[in-house]
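Asks: A single structure is presented below for examination.
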Amino acid sequence: MDFLRQIEAEIKPEWDNLKVTKKVSNLFEDCEPNMLKGWTDKNPSIWDVSGDKGKPTLEKILVALCRQKKQWEKIAYIKFKNECIEKAKLTLTSTAGNTSDQIIDTSNIHYEILSITAKQLSTLIYYISINQFETGIFKKRDYDKILIEAYEKMQSSQIASSSTSLISGSSISAISSTKNKEEVGGNIAEIMPERQIKNMANSDTSP
């Protein structure tokens with residue numbers, strides 16, 4: 001299982017530096033104080049981003065985390081393995097998220113490490129640093145692009161649905177006005193004049 005934790009953007013380069021340097025440290029089950037940046041809230045919260053069993057993806061969680069932000073350019077995050085939690089001998093408590101996105105908040109993917117001590121947090125950071133982890137940046141333009149693409153997809157779906165309804169309605173009208181219904185084929189071209197089909201296509205693609 002993979003977990004995500006939002007961290008301060010200024011500390012991300014130092015996490016990245018750990019990936020390219022030899023992970024040899026004299027600080028057994030401990031870490032430098034600066035590595036605690038972004039973790040020092042009372043009950044650190046983390047998200048399950050493994051996407052198992054149809055659960056929300058990393059991208060959807062990031063969008064939800066940014067929904068309530070007003071002035072922001074980017075957020076930084078770190079993704080790490082569940083075994084880091086296990087090695088630090090910590091217990092996760094499942095809680096509802098607080099993003100205002102009900103689907104994300106109630107998907108059983110949000111956890112808190114309740115009543116963690118400074119020593120326990122240092123131990124967790126230590127195991128994350130010597131294990132496999134990834135860092136990332138989610139920018140405001142990434143957020144905007146996702147929302148725009150979702151909107152355009154919704155619009156296309158509505159247009160397609162409207163076109164289908166229009167064709168179905170015209171088909172029913174043409175069939176009901178035909179004396180011999182058995183001679184009417186299922187082909188739209190036989191029910192609707194070619195000019196009407198072209199006009200419909202043009203109206204769907206016009207701005």
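Ordered as shown in the structure tokens, chains take letters A, B, and onward, while each chain numbers its residues from 1 and ligands are numbered from 1 in the order shown.
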Report as a PyMOL selection string all protein, DNA and RNA residues lying within 10 Å of region 128-135 of chain A, evaluated on only C-alpha atoms, omitting residues in the same chain fewer than 5 positions from it.
Replies: chain A and resi 2-7+12-13+15-16+18-19+22-25+31+35+76-85+87-88+122-123
Asks: List every residue of region 83-132 of chain A that DSSP, applied to the backbone of this structure, places in strand (DSSP E), and write the result as a list in words.
Replies: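 Restricting region 83-132 of chain A to strand (DSSP E) produces Thr93, Ser94, His110, Tyr111 and Glu112 of chain A.
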Asks: Give me the residues near region 54-61 of chain A as a PyMOL selection string, where near means some atom within 12 Å (using only C-alpha atoms) and where sequence neighbours in that chain fewer than 4 positions away do not count.
Replies: chain A and resi 2-6+46-50+65-67+77-79+97-110+136-139+142-143+145-147+150
Asks: Please, what distance in Å, to one decimal, runs between CA of Lys140 (chain A) and CA of Gln68 (chain A)?
Replies: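 Computing it gives 12.5 Å between the two atoms.
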Asks: Measure the distance from CA of Leu114 (chain A) to CA of Ser45 (chain A) in Å and round it to one decimal.
Replies: 8.9 Å
Asks: Mind giving me the straight-line distance from CA of Leu121 (chain A) to CA of Leu90 (chain A) in Å, one decimal?
Replies: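 Taking CA of Leu121 (chain A) as the start and CA of Leu90 (chain A) as the end point, the length is 9.2 Å.
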Asks: Considering only helix (DSSP H, G or I) as DSSP defines it on the backbone, what residues of region 22-173 of chain A qualify? List them as a PyMOL selection string.
Replies: chain A and resi 33-36+52-54+58-66+82-87+102-105+118-130+140-173
Asks: When distances are computed from only C-alpha atoms, which of A:Val63, A:Leu124, A:Trp72, A:Asp41 shows the smallest separation from Glu86 (chain A)?
Replies: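 Answer, going by the shortest atom-to-atom distance: A:Leu124.
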